>>> print(open('input-v3.txt').read())   # compact mmCIF, C-alpha atoms
# COMPACT_ATOMS: atom_id res chain seq x y z
CA MET A 735 4.32 -24.77 -20.93
CA LYS A 736 7.79 -25.68 -22.24
CA LYS A 737 8.28 -29.20 -23.56
CA ILE A 738 10.79 -31.25 -21.55
CA LEU A 739 13.80 -32.38 -23.56
CA LEU A 740 14.71 -35.87 -22.36
CA PHE A 741 17.84 -37.72 -23.41
CA CYS A 742 16.97 -41.39 -22.96
CA ALA A 743 17.89 -42.78 -26.38
CA ALA A 744 19.83 -45.82 -27.55
CA PHE A 745 23.58 -45.47 -27.98
CA ALA A 746 23.50 -45.12 -31.79
CA LEU A 747 20.87 -42.38 -31.73
CA THR A 748 22.82 -40.64 -28.95
CA VAL A 749 25.90 -40.27 -31.14
CA ILE A 750 23.87 -38.80 -34.02
CA SER A 751 21.96 -36.33 -31.81
CA ALA A 752 25.05 -35.11 -29.95
CA THR A 753 26.69 -34.32 -33.28
CA ALA A 754 23.71 -32.38 -34.67
CA GLN A 755 22.58 -30.39 -31.62
CA ASP A 756 23.87 -28.74 -28.44
CA LEU A 757 23.23 -31.87 -26.36
CA PRO A 758 25.17 -33.55 -23.53
CA ALA A 759 28.62 -34.78 -24.49
CA ASN A 760 29.34 -38.51 -23.94
CA PRO A 761 25.88 -39.42 -22.62
CA GLU A 762 25.18 -42.87 -21.23
CA PRO A 763 22.41 -44.98 -22.78
CA GLY A 764 19.26 -45.03 -20.69
CA LYS A 765 20.18 -41.88 -18.74
CA CYS A 766 18.04 -38.70 -18.56
CA TYR A 767 19.34 -35.13 -18.72
CA VAL A 768 17.88 -31.65 -18.25
CA ARG A 769 19.47 -28.34 -19.19
CA CYS A 770 20.41 -26.16 -16.21
CA THR A 771 20.72 -22.40 -16.12
CA THR A 772 22.28 -19.89 -13.82
CA PRO A 773 19.13 -17.98 -12.76
CA ASP A 774 18.81 -14.22 -12.74
CA ILE A 775 19.48 -13.01 -9.20
CA TYR A 776 17.26 -10.24 -7.90
CA GLU A 777 17.29 -8.26 -4.68
CA THR A 778 14.27 -6.66 -3.10
CA GLN A 779 14.48 -2.93 -2.47
CA THR A 780 11.94 -0.76 -0.69
CA VAL A 781 10.84 2.72 -1.74
CA GLN A 782 9.21 5.02 0.81
CA LEU A 783 6.43 7.26 -0.53
CA THR A 784 4.70 10.14 1.25
CA LYS A 785 1.05 9.08 1.56
CA THR A 786 -0.12 12.29 3.27
CA PRO A 787 2.05 15.39 3.79
CA ALA A 788 2.62 17.11 7.12
CA TYR A 789 0.32 20.06 7.80
CA LYS A 790 -0.69 22.50 10.56
CA LYS A 791 -3.86 22.30 12.65
CA LEU A 792 -4.83 25.63 14.22
CA LYS A 793 -6.96 26.27 17.34
CA VAL A 794 -8.42 29.58 18.54
CA VAL A 795 -7.66 30.75 22.08
CA PRO A 796 -10.56 33.13 23.00
CA ALA A 797 -9.90 36.67 24.17
CA GLN A 798 -9.76 37.37 27.93
CA TYR A 799 -11.75 40.17 29.63
CA GLU A 800 -12.12 41.62 33.11
CA THR A 801 -14.76 43.83 34.74
CA GLN A 802 -13.46 47.09 36.25
CA THR A 803 -15.24 49.60 38.48
CA GLU A 804 -14.64 53.33 38.28
CA ARG A 805 -15.87 56.19 40.49
CA VAL A 806 -17.15 59.03 38.35
CA MET A 807 -18.59 62.43 39.21
CA VAL A 808 -22.27 62.71 38.48
CA LYS A 809 -22.81 66.20 39.90
CA GLU A 810 -20.33 69.01 39.99
CA ALA A 811 -19.55 70.92 43.09
CA ALA A 812 -21.36 74.25 43.14
CA LYS A 813 -22.20 77.27 45.19
CA ARG A 814 -25.67 78.13 46.46
CA LEU A 815 -26.73 81.73 47.04
CA ARG A 816 -29.06 82.59 49.79
CA VAL A 817 -30.80 85.32 47.89
CA ILE A 818 -30.72 84.08 44.35
CA PRO A 819 -30.19 80.41 44.24
CA ALA A 820 -27.99 78.94 41.57
CA THR A 821 -29.59 77.25 38.58
CA TYR A 822 -28.43 74.02 36.91
CA LYS A 823 -28.64 72.25 33.61
CA THR A 824 -28.19 68.58 32.78
CA GLU A 825 -25.57 67.19 30.35
CA THR A 826 -25.12 63.68 29.04
CA VAL A 827 -21.63 62.08 29.12
CA THR A 828 -20.84 59.14 26.87
CA TYR A 829 -18.31 56.48 27.89
CA VAL A 830 -17.11 53.09 26.56
CA LYS A 831 -19.04 50.48 28.47
CA SER A 832 -17.48 47.33 26.90
CA THR A 833 -15.02 46.33 24.16
CA THR A 834 -14.55 43.03 22.33
CA GLY A 835 -11.43 41.58 20.75
CA SER A 836 -10.92 40.33 17.23
CA SER A 837 -12.81 37.21 16.05
CA LEU A 838 -10.65 34.51 14.44
CA ARG A 839 -11.81 31.77 12.05
CA VAL A 840 -9.60 28.81 11.08
CA ILE A 841 -9.60 27.71 7.46
CA PRO A 842 -8.47 24.01 7.50
CA ALA A 843 -5.82 22.63 5.17
CA SER A 844 -7.10 21.06 1.94
CA PHE A 845 -5.67 18.11 -0.01
CA ALA A 846 -5.69 16.68 -3.51
CA ASN A 847 -5.54 13.07 -4.68
CA ALA A 848 -2.64 11.96 -6.85
CA THR A 849 -0.84 8.78 -7.91
CA GLU A 850 2.78 7.71 -8.21
CA THR A 851 3.98 4.81 -10.38
CA VAL A 852 6.81 2.60 -9.11
CA GLU A 853 8.66 -0.07 -11.04
CA THR A 854 8.10 -3.25 -8.97
CA LYS A 855 9.85 -5.72 -11.25
CA ALA A 856 12.60 -5.00 -13.75
CA ALA A 857 12.49 -6.17 -17.35
CA TYR A 858 14.28 -9.48 -17.94
CA ALA A 859 14.95 -12.07 -20.61
CA GLN A 860 15.54 -15.81 -20.64
CA TRP A 861 16.34 -18.62 -23.00
CA GLU A 862 13.40 -20.67 -24.29
CA LEU A 863 13.38 -23.77 -26.47
CA GLY A 864 11.52 -23.21 -29.75
CA ALA A 865 9.13 -25.59 -31.51
CA PRO A 866 10.43 -28.07 -34.15
CA ALA A 867 10.60 -26.67 -37.67
CA PRO A 868 7.67 -28.04 -39.74
CA ASP A 869 9.91 -28.76 -42.75
CA CYS A 870 12.60 -30.62 -40.81
CA ALA A 871 14.34 -33.13 -43.03
CA SER A 872 15.63 -35.23 -40.15
CA SER A 873 13.66 -38.09 -38.64
CA ASN A 874 14.66 -36.76 -35.22
CA PRO A 875 12.58 -33.60 -34.49
CA ASP A 876 15.22 -32.41 -32.00
CA ASP A 877 17.59 -31.79 -34.92
CA CYS A 878 15.53 -28.79 -36.04
CA ARG A 879 14.84 -27.09 -32.71
CA TYR A 880 16.40 -23.81 -31.73
CA TRP A 881 16.82 -21.63 -28.63
CA CYS A 882 15.30 -18.16 -28.43
CA TYR A 883 16.34 -15.46 -25.99
CA LYS A 884 12.94 -14.01 -25.11
CA GLY A 885 12.52 -10.71 -23.28
CA TYR A 886 9.78 -9.78 -20.83
CA PRO A 887 8.80 -6.19 -19.98
CA ALA A 888 9.12 -4.56 -16.61
CA GLU A 889 6.15 -4.50 -14.22
CA TYR A 890 4.85 -1.40 -12.51
CA GLU A 891 2.53 -0.56 -9.61
CA THR A 892 0.54 2.65 -9.25
CA VAL A 893 0.12 3.91 -5.64
CA SER A 894 -2.49 6.44 -4.54
CA ILE A 895 -1.11 9.39 -2.55
CA ARG A 896 -2.44 12.72 -1.23
CA THR A 897 -0.78 16.08 -1.80
CA LEU A 898 -1.23 19.35 0.12
CA ALA A 899 -3.33 21.73 -1.98
CA ALA A 900 -3.57 24.60 0.54
CA ASP A 901 -2.26 24.84 4.09
CA ALA A 902 -4.37 25.94 7.06
CA ALA A 903 -4.88 29.70 7.54
CA VAL A 904 -6.56 32.15 9.95
CA GLN A 905 -9.16 34.78 9.02
CA SER A 906 -9.47 37.71 11.51
CA THR A 907 -12.52 39.93 12.04
CA PRO A 908 -11.92 43.14 14.09
CA GLY A 909 -13.78 43.46 17.38
CA SER A 910 -16.30 46.18 18.36
CA SER A 911 -17.12 48.23 21.45
CA ALA A 912 -20.36 49.22 23.24
CA ASN A 913 -20.97 52.74 24.62
CA ALA A 914 -23.20 53.95 27.45
CA THR A 915 -24.10 57.37 28.89
CA TYR A 916 -24.60 59.01 32.23
CA THR A 917 -25.95 62.49 33.08
CA ILE A 918 -24.31 65.29 34.96
CA ARG A 919 -25.81 68.54 36.32
CA VAL A 920 -23.70 71.61 35.85
CA VAL A 921 -24.18 75.12 37.09
CA ASP A 922 -26.12 77.18 34.67
CA GLU A 923 -26.06 80.37 36.78
CA GLN A 924 -24.32 81.01 40.09
CA ALA A 925 -26.02 82.45 43.12
CA ARG A 926 -25.45 86.06 43.41
CA VAL A 927 -25.61 87.05 47.09
CA VAL A 928 -24.70 84.42 49.64
CA GLU A 929 -22.62 81.60 48.39
CA GLU A 930 -22.96 78.14 49.88
CA GLU A 931 -20.76 75.24 48.76
CA ILE A 932 -22.64 72.33 47.26
CA PRO A 933 -20.38 69.30 47.15
CA ALA A 934 -20.02 67.21 44.05
CA GLU A 935 -21.80 63.87 43.77
CA TYR A 936 -20.15 60.66 42.59
CA ALA A 937 -21.30 57.24 41.37
CA THR A 938 -19.56 53.91 40.67
CA ILE A 939 -19.81 52.45 37.16
CA LYS A 940 -18.71 49.03 35.79
CA LYS A 941 -17.01 48.42 32.45
CA THR A 942 -15.61 45.38 30.65
CA VAL A 943 -11.99 45.77 29.55
CA LEU A 944 -10.02 43.55 27.11
CA VAL A 945 -7.05 42.00 28.93
CA LYS A 946 -5.70 39.72 26.19
CA ASP A 947 -6.83 39.53 22.58
CA ALA A 948 -7.77 36.25 20.88
CA THR A 949 -4.85 34.20 19.54
CA THR A 950 -4.25 30.86 17.82
CA THR A 951 -2.11 27.85 18.65
CA ALA A 952 -0.57 25.65 15.93
CA GLU A 953 -0.24 21.87 16.10
CA THR A 954 1.78 20.06 13.42
CA VAL A 955 0.20 16.85 12.10
CA PRO A 956 3.10 14.63 10.94
CA ALA A 957 3.27 13.15 7.45
CA THR A 958 2.40 9.50 6.87
CA TYR A 959 4.38 7.19 4.64
CA THR A 960 3.89 3.91 2.76
CA THR A 961 6.58 1.47 1.65
CA VAL A 962 6.54 -0.22 -1.80
CA SER A 963 8.80 -3.18 -2.57
CA LYS A 964 10.41 -3.69 -5.97
CA GLU A 965 12.74 -6.30 -7.44
CA VAL A 966 16.03 -5.12 -8.93
CA LEU A 967 18.25 -7.34 -11.12
CA LYS A 968 21.52 -7.88 -9.24
CA GLN A 969 23.20 -10.52 -11.43
CA LYS A 970 22.25 -11.71 -14.91
CA GLY A 971 21.92 -15.47 -15.45
CA GLY A 972 22.15 -17.57 -18.62
CA LEU A 973 22.49 -21.04 -20.12
CA THR A 974 25.04 -23.37 -18.55
CA THR A 975 25.28 -27.14 -18.93
CA TRP A 976 23.27 -30.34 -19.06
CA ARG A 977 22.75 -32.21 -15.77
CA GLU A 978 22.03 -35.89 -15.35
CA VAL A 979 18.92 -36.52 -13.23
CA GLU A 980 16.89 -39.53 -12.22
CA CYS A 981 14.56 -40.38 -15.09
CA ALA A 982 11.66 -40.63 -12.63
CA LEU A 983 12.08 -36.92 -11.79
CA VAL A 984 11.24 -35.78 -15.35
CA GLU A 985 7.86 -37.49 -15.06
CA TYR A 986 5.11 -36.16 -12.78
CA GLN A 987 5.62 -37.24 -9.16
CA ALA A 988 2.94 -37.00 -6.47
CA LEU A 989 3.24 -34.23 -3.89
CA PRO A 990 0.87 -35.64 -1.21
CA ILE A 991 -0.71 -32.40 0.00
CA ASN A 992 -4.18 -32.75 1.56
CA TRP A 993 -5.89 -29.47 0.62
CA ASN A 994 -8.88 -28.29 2.64
CA LEU A 995 -12.12 -28.22 0.65
CA GLY A 996 -12.14 -25.26 -1.75
CA SER A 997 -8.96 -23.83 -0.16
CA ALA A 998 -5.57 -22.92 -1.64
CA THR A 999 -3.93 -22.19 1.74
CA LEU A 1000 -0.97 -24.33 2.76
CA THR A 1001 -1.34 -25.99 6.15
CA PRO A 1002 1.70 -26.58 8.43
CA ALA A 1003 1.60 -30.26 7.36
CA ALA A 1004 1.67 -29.25 3.67
CA LYS A 1005 4.66 -26.94 4.25
CA ALA A 1006 6.50 -29.78 5.99
CA ILE A 1007 5.93 -32.01 2.92
CA ILE A 1008 7.36 -29.29 0.63
CA ASP A 1009 10.35 -28.85 2.95
CA THR A 1010 11.18 -32.56 2.93
CA ARG A 1011 10.34 -33.42 -0.72
CA LEU A 1012 11.14 -30.37 -2.84
CA MET A 1013 13.78 -28.31 -0.99
CA PRO A 1014 16.37 -31.18 -0.98
CA LEU A 1015 15.60 -31.90 -4.66
CA LEU A 1016 16.30 -28.30 -5.66
CA ALA A 1017 19.45 -28.21 -3.52
CA GLN A 1018 20.78 -31.39 -5.22
CA ASN A 1019 20.01 -30.06 -8.72
CA PRO A 1020 21.00 -26.37 -8.75
CA GLY A 1021 19.83 -24.44 -11.81
CA VAL A 1022 17.16 -27.03 -12.79
CA LYS A 1023 13.62 -25.73 -13.31
CA LEU A 1024 10.75 -27.26 -11.30
CA GLU A 1025 7.12 -27.45 -12.47
CA ILE A 1026 4.26 -27.61 -9.92
CA ALA A 1027 1.00 -28.96 -11.42
CA SER A 1028 -2.32 -29.11 -9.57
CA HIS A 1029 -5.54 -30.91 -10.56
CA THR A 1030 -9.13 -31.17 -9.29
CA ASP A 1031 -11.90 -33.73 -9.72
CA SER A 1032 -14.85 -33.08 -12.06
CA ARG A 1033 -17.29 -31.98 -9.36
CA GLY A 1034 -18.13 -28.29 -9.42
CA GLY A 1035 -17.86 -25.82 -12.30
CA ALA A 1036 -14.99 -26.16 -14.76
CA THR A 1037 -14.02 -22.48 -14.41
CA ALA A 1038 -14.01 -22.63 -10.61
CA ASN A 1039 -11.97 -25.85 -10.67
CA GLN A 1040 -9.46 -24.27 -13.06
CA ASN A 1041 -9.04 -21.21 -10.83
CA LEU A 1042 -8.71 -23.38 -7.71
CA SER A 1043 -6.00 -25.56 -9.27
CA GLU A 1044 -4.04 -22.50 -10.44
CA ARG A 1045 -4.19 -20.94 -6.97
CA ARG A 1046 -3.03 -24.17 -5.34
CA ALA A 1047 -0.06 -24.55 -7.69
CA GLN A 1048 0.87 -20.89 -7.17
CA ALA A 1049 0.62 -21.31 -3.38
CA VAL A 1050 3.34 -24.00 -3.52
CA VAL A 1051 5.53 -21.79 -5.77
CA ASN A 1052 5.07 -18.78 -3.47
CA TYR A 1053 6.11 -20.85 -0.45
CA LEU A 1054 9.28 -22.04 -2.27
CA ILE A 1055 10.10 -18.41 -3.15
CA SER A 1056 9.67 -17.46 0.52
CA LYS A 1057 12.24 -20.17 1.34
CA GLY A 1058 14.80 -18.49 -0.96
CA VAL A 1059 14.23 -20.37 -4.26
CA ASN A 1060 14.70 -18.12 -7.33
CA ASN A 1061 11.31 -17.57 -8.97
CA SER A 1062 12.82 -17.96 -12.48
CA LEU A 1063 13.35 -21.68 -11.67
CA LEU A 1064 9.67 -22.28 -10.78
CA VAL A 1065 6.60 -22.84 -12.98
CA ALA A 1066 3.04 -23.10 -11.60
CA ASN A 1067 0.38 -24.80 -13.77
CA GLY A 1068 -3.24 -25.50 -12.89
CA PHE A 1069 -5.18 -27.98 -15.05
CA GLY A 1070 -8.51 -28.02 -13.20
CA GLU A 1071 -10.51 -31.09 -14.26
CA ARG A 1072 -8.91 -31.38 -17.74
CA ARG A 1073 -6.55 -34.27 -16.91
CA LEU A 1074 -8.66 -36.84 -15.08
CA LYS A 1075 -6.89 -40.12 -14.34
CA ASN A 1076 -10.06 -42.27 -14.49
CA ARG A 1077 -13.58 -42.28 -15.96
CA CYS A 1078 -15.03 -39.90 -13.30
CA ALA A 1079 -16.01 -37.05 -15.66
CA ASP A 1080 -19.11 -34.84 -15.39
CA GLY A 1081 -22.29 -36.89 -15.13
CA VAL A 1082 -20.50 -40.16 -14.17
CA SER A 1083 -21.34 -41.65 -10.78
CA CYS A 1084 -18.13 -42.36 -8.83
CA THR A 1085 -17.16 -43.10 -5.26
CA GLU A 1086 -15.32 -40.61 -3.06
CA ARG A 1087 -12.15 -42.72 -3.40
CA GLN A 1088 -12.36 -42.59 -7.20
CA HIS A 1089 -12.79 -38.80 -7.14
CA ALA A 1090 -9.84 -38.51 -4.75
CA VAL A 1091 -7.55 -40.03 -7.40
CA ASN A 1092 -8.10 -36.95 -9.58
CA ARG A 1093 -7.51 -34.43 -6.77
CA ARG A 1094 -3.73 -34.24 -6.78
CA THR A 1095 -0.72 -31.95 -6.81
CA GLU A 1096 2.39 -33.10 -8.71
CA PHE A 1097 5.92 -31.94 -9.57
CA ARG A 1098 8.61 -32.70 -12.14
CA LEU A 1099 11.92 -31.33 -13.43
CA ILE A 1100 11.78 -29.49 -16.77
CA ASN A 1101 14.26 -27.81 -19.09
CA ASN A 1102 15.18 -24.17 -18.70
>>> encode(input="input-v3.txt", output="C-alpha cells")
Amino acid sequence: MKKILLFCAAFALTVISATAQDLPANPEPGKCYVRCTTPDIYETQTVQLTKTPAYKKLKVVPAQYETQTERVMVKEAAKRLRVIPATYKTETVTYVKSTTGSSLRVIPASFANATETVETKAAYAQWELGAPAPDCASSNPDDCRYWCYKGYPAEYETVSIRTLAADAAVQSTPGSSANATYTIRVVDEQARVVEEEIPAEYATIKKTVLVKDATTTAETVPATYTTVSKEVLKQKGGLTTWREVECALVEYQALPINWNLGSATLTPAAKAIIDTRLMPLLAQNPGVKLEIASHTDSRGGATANQNLSERRAQAVVNYLISKGVNNSLLVANGFGERRLKNRCADGVSCTERQHAVNRRTEFRLINN
C-alpha cells in the first residue's frame, strides 16, 4: 500500500520542503494536501466468438413401395387331336417378385475442442511514490523521495471454443431384388388328326414395385456465439496538481456497513451508505485516490478472516466502479484480524460489543 504524503507542517518547515521537492506552492500552515492525477480512461468493448460452428443434421426418408397385380399366362393355348392327342411339357418362368431401394446411413458431424485467447485489459502504467533513500542527508525524509512511472502488463482471458472437424455425410448401400418362379405347360407335340383348340390358362400374381427411392433431408443447426468483454485505453492520464482536502479525510473514517455474517455481499442499505458517503466525496475531489479498508474480529481462522476482509473491501470497490468511478482511483485492502482496536485477540474473552468494535469497514484519501 502506498504511503500517504500529508502536508501538515509548521510554516518554516513548509518553506524548506516546498523548495526541495515538488510540493504544493504557497501552502497554509495546518492544511492537508493530496496529489491528484488525471486517471487513465478506458472503454469496454465486446468481442463475439464462435462457440460452436453451424452444421448440417441429416435425416433419412425411407423408400416408398406399392404392390401391383399382373395377369400372366400359365398355360399356352393348344390344339387337341382326336386321334393322337397332343403332348405337353412343363417349363419354369422366373420373374422379379420384389425390389428394394438403396439403404442410407447418416454419419453425424464431429467436432474438436480449441481455445482462443482475448486481451481483456490493456497494459498500463502509473506514477508511484518511491521509498525514502536510506542515505538521505536531510532530516526531512520527504527530501529524498522520488516518483517512479511503473508499468503493468496486459491481462488476457482464454475462452474454450469448439471447431467443426468433419461435417455430416451420407453413406449409401445399393438395394436388392427378390425373384420367384411360376410354371407353364407348352405343347411338346401337336395332335395329328383332329385338332381341337385348348384355350390358354391365366393366373394373377402380386409383386412389390419401388415407387420412390430413399432420400435424405438436411436441417441446418445454427452456430452459437459467446461475448467476451475487454477494456481498451481511450485516454492516457498522468500527474496533475496538489489538492487541499480536509485533514480528517486522510485518516481512516468509518463506513458504517452492517455486513451479514460471513458474507461479502452488499445489501441495499449498504449501497445507500456508499452512495451518500463516498460518491459525493469523490465528486468533490476529482482525481484523488480512495482507499477502502476492511477488518474482522479475531474469532474464526486468521486465513478465513483475511479472505473475508479482502472480499468485503473489493465488493465496495466493485460497486463504485459500477457507478462510473475509474478503477485506477480505487484501492481495496483487507486486513483480517491484524489491526484489532482493543484487547480482543485470540484466546481473550470479550463481549459481543467489544468484538463489534473490530468488525469495521473504513475509507480514506491517499496520494496517487
>>> residues_near_point(input="input-v3.txt", point="(15.6, -17.4, -25.8)", cutoff="8 Å", atoms="only C-alpha atoms", output="NGL selection string")
:A and (859-863 or 881-885)
>>> atom_distance(input="input-v3.txt", atom1="atom CA of A:Ala952", atom2="atom CA of A:Ser911")
28.5 Å
>>> residues_around(input="input-v3.txt", residues="A:Leu1000", least_positions_apart="6", cutoff="9 Å", atoms="all atoms listed in the file", output="VMD selection string")
chain A and resid 991 993 to 994 1046 1049 to 1050 1053
>>> closest_residue(input="input-v3.txt", among="A:Ala1090, A:Glu985, A:Thr960, A:Val1059", to="A:Val781", atoms="all atoms listed in the file")
A:Thr960
>>> axis_aligned_box(input="input-v3.txt", around="stretch 1086-1099 of chain A", padding_each_side="8 Å", output="JSON")
{"center_x": -1.7, "center_y": -37.0, "center_z": -8.2, "size_x": 43.2, "size_y": 27.4, "size_z": 26.4}
>>> atom_distance(input="input-v3.txt", atom1="atom CA of A:Cys766", atom2="atom CA of A:Val984")
8.1 Å
>>> closest_residue(input="input-v3.txt", among="A:Thr951, A:Ser836, A:Thr942, A:Thr828", to="A:Gly909", atoms="all atoms listed in the file")
A:Ser836
>>> residues_near_point(input="input-v3.txt", point="(-20.0, 67.5, 31.6)", cutoff="9 Å", atoms="only C-alpha atoms", output="MDAnalysis selection string")
chainID A and resid 808:810 824:827 917:920
>>> atom_distance(input="input-v3.txt", atom1="atom CA of A:Asn1076", atom2="atom CA of A:Leu1042")
20.1 Å
>>> residues_around(input="input-v3.txt", residues="A:Lys831", least_positions_apart="5", cutoff="8 Å", atoms="all atoms listed in the file", output="VMD selection string")
chain A and resid 911 to 914 940 to 942
>>> write_last_selection(input="input-v3.txt", atoms="C-alpha atoms", output="compact mmCIF listing (two decimals), in the frame of the given file")
# COMPACT_ATOMS: atom_id res chain seq x y z
CA SER A 911 -17.12 48.23 21.45
CA ALA A 912 -20.36 49.22 23.24
CA ASN A 913 -20.97 52.74 24.62
CA ALA A 914 -23.20 53.95 27.45
CA LYS A 940 -18.71 49.03 35.79
CA LYS A 941 -17.01 48.42 32.45
CA THR A 942 -15.61 45.38 30.65
>>> closest_residue(input="input-v3.txt", among="A:Ala957, A:Ala1036, A:Val1082, A:Leu1099", to="A:Leu1024", atoms="only C-alpha atoms")
A:Leu1099
>>> residues_around(input="input-v3.txt", residues="stretch 924-937 of chain A", least_positions_apart="5", cutoff="9 Å", atoms="only C-alpha atoms", output="list in words")
Glu804, Arg805, Val806, Met807, Val808, Lys809, Glu810, Ala811, Ala812, Lys813, Arg814, Leu815, Arg816, Val817, Ile818, Pro819, Ala820, Thr821 and Tyr822 of chain A
>>> closest_residue(input="input-v3.txt", among="A:Glu1086, A:Asp1031, A:Glu1044, A:Glu953", to="A:Glu1071", atoms="only C-alpha atoms")
A:Asp1031
>>> residues_around(input="input-v3.txt", residues="A:Asp1080", least_positions_apart="6", cutoff="12 Å", atoms="only C-alpha atoms", output="list in words")
Asp1031, Ser1032, Arg1033, Gly1034, Gly1035, Ala1036, Glu1071, Arg1072, Leu1074 and His1089 of chain A
>>> closest_residue(input="input-v3.txt", among="A:Thr907, A:Thr1001, A:Tyr858, A:Asn1092", to="A:Ala888", atoms="all atoms listed in the file")
A:Tyr858
>>> closest_residue(input="input-v3.txt", among="A:Lys793, A:Arg1011, A:Lys785, A:Arg1094", to="A:Phe1069", atoms="all atoms listed in the file")
A:Arg1094
>>> residues_around(input="input-v3.txt", residues="A:Ala1047", least_positions_apart="2", cutoff="12 Å", atoms="all atoms listed in the file", output="number ranges by chain")
A: 989, 991, 993, 997-1000, 1024-1030, 1040-1045, 1049-1054, 1064-1070, 1094-1097
>>> decode(input="input-v3.txt", residues="stretch 1051-1067 of chain A", atoms="N, CA and C atoms", output="short mmCIF file (atom, residue, chain, number, x, y, z; two decimals), in the first residue's frame")
data_model
loop_
_atom_site.label_atom_id
_atom_site.label_comp_id
_atom_site.auth_asym_id
_atom_site.auth_seq_id
_atom_site.Cartn_x
_atom_site.Cartn_y
_atom_site.Cartn_z
N VAL A 1051 -15.35 -1.57 -3.70
CA VAL A 1051 -14.67 -1.02 -4.88
C VAL A 1051 -15.45 -1.38 -6.15
N ASN A 1052 -15.88 -2.63 -6.26
CA ASN A 1052 -16.63 -3.05 -7.45
C ASN A 1052 -17.92 -2.26 -7.61
N TYR A 1053 -18.58 -1.97 -6.49
CA TYR A 1053 -19.82 -1.19 -6.59
C TYR A 1053 -19.53 0.23 -7.07
N LEU A 1054 -18.43 0.85 -6.58
CA LEU A 1054 -18.06 2.20 -7.02
C LEU A 1054 -17.73 2.20 -8.52
N ILE A 1055 -17.05 1.14 -8.99
CA ILE A 1055 -16.74 1.04 -10.42
C ILE A 1055 -18.03 0.95 -11.23
N SER A 1056 -19.01 0.18 -10.71
CA SER A 1056 -20.29 0.06 -11.42
C SER A 1056 -21.04 1.38 -11.49
N LYS A 1057 -20.70 2.31 -10.56
CA LYS A 1057 -21.33 3.63 -10.55
C LYS A 1057 -20.57 4.63 -11.42
N GLY A 1058 -19.50 4.16 -12.13
CA GLY A 1058 -18.77 5.02 -13.05
C GLY A 1058 -17.46 5.55 -12.52
N VAL A 1059 -17.01 5.14 -11.32
CA VAL A 1059 -15.73 5.62 -10.78
C VAL A 1059 -14.61 4.86 -11.48
N ASN A 1060 -13.55 5.58 -11.90
CA ASN A 1060 -12.41 4.95 -12.58
C ASN A 1060 -11.68 4.04 -11.60
N ASN A 1061 -11.43 2.79 -12.02
CA ASN A 1061 -10.82 1.82 -11.10
C ASN A 1061 -9.39 2.18 -10.72
N SER A 1062 -8.71 3.05 -11.51
CA SER A 1062 -7.34 3.44 -11.15
C SER A 1062 -7.32 4.37 -9.94
N LEU A 1063 -8.48 4.91 -9.53
CA LEU A 1063 -8.55 5.79 -8.37
C LEU A 1063 -9.02 5.05 -7.12
N LEU A 1064 -9.10 3.73 -7.17
CA LEU A 1064 -9.62 2.94 -6.05
C LEU A 1064 -8.62 1.88 -5.62
N VAL A 1065 -8.48 1.71 -4.30
CA VAL A 1065 -7.60 0.68 -3.73
C VAL A 1065 -8.41 -0.08 -2.69
N ALA A 1066 -8.41 -1.42 -2.78
CA ALA A 1066 -9.11 -2.27 -1.81
C ALA A 1066 -8.08 -3.03 -0.98
N ASN A 1067 -8.15 -2.89 0.36
CA ASN A 1067 -7.24 -3.58 1.26
C ASN A 1067 -8.03 -4.30 2.33
#
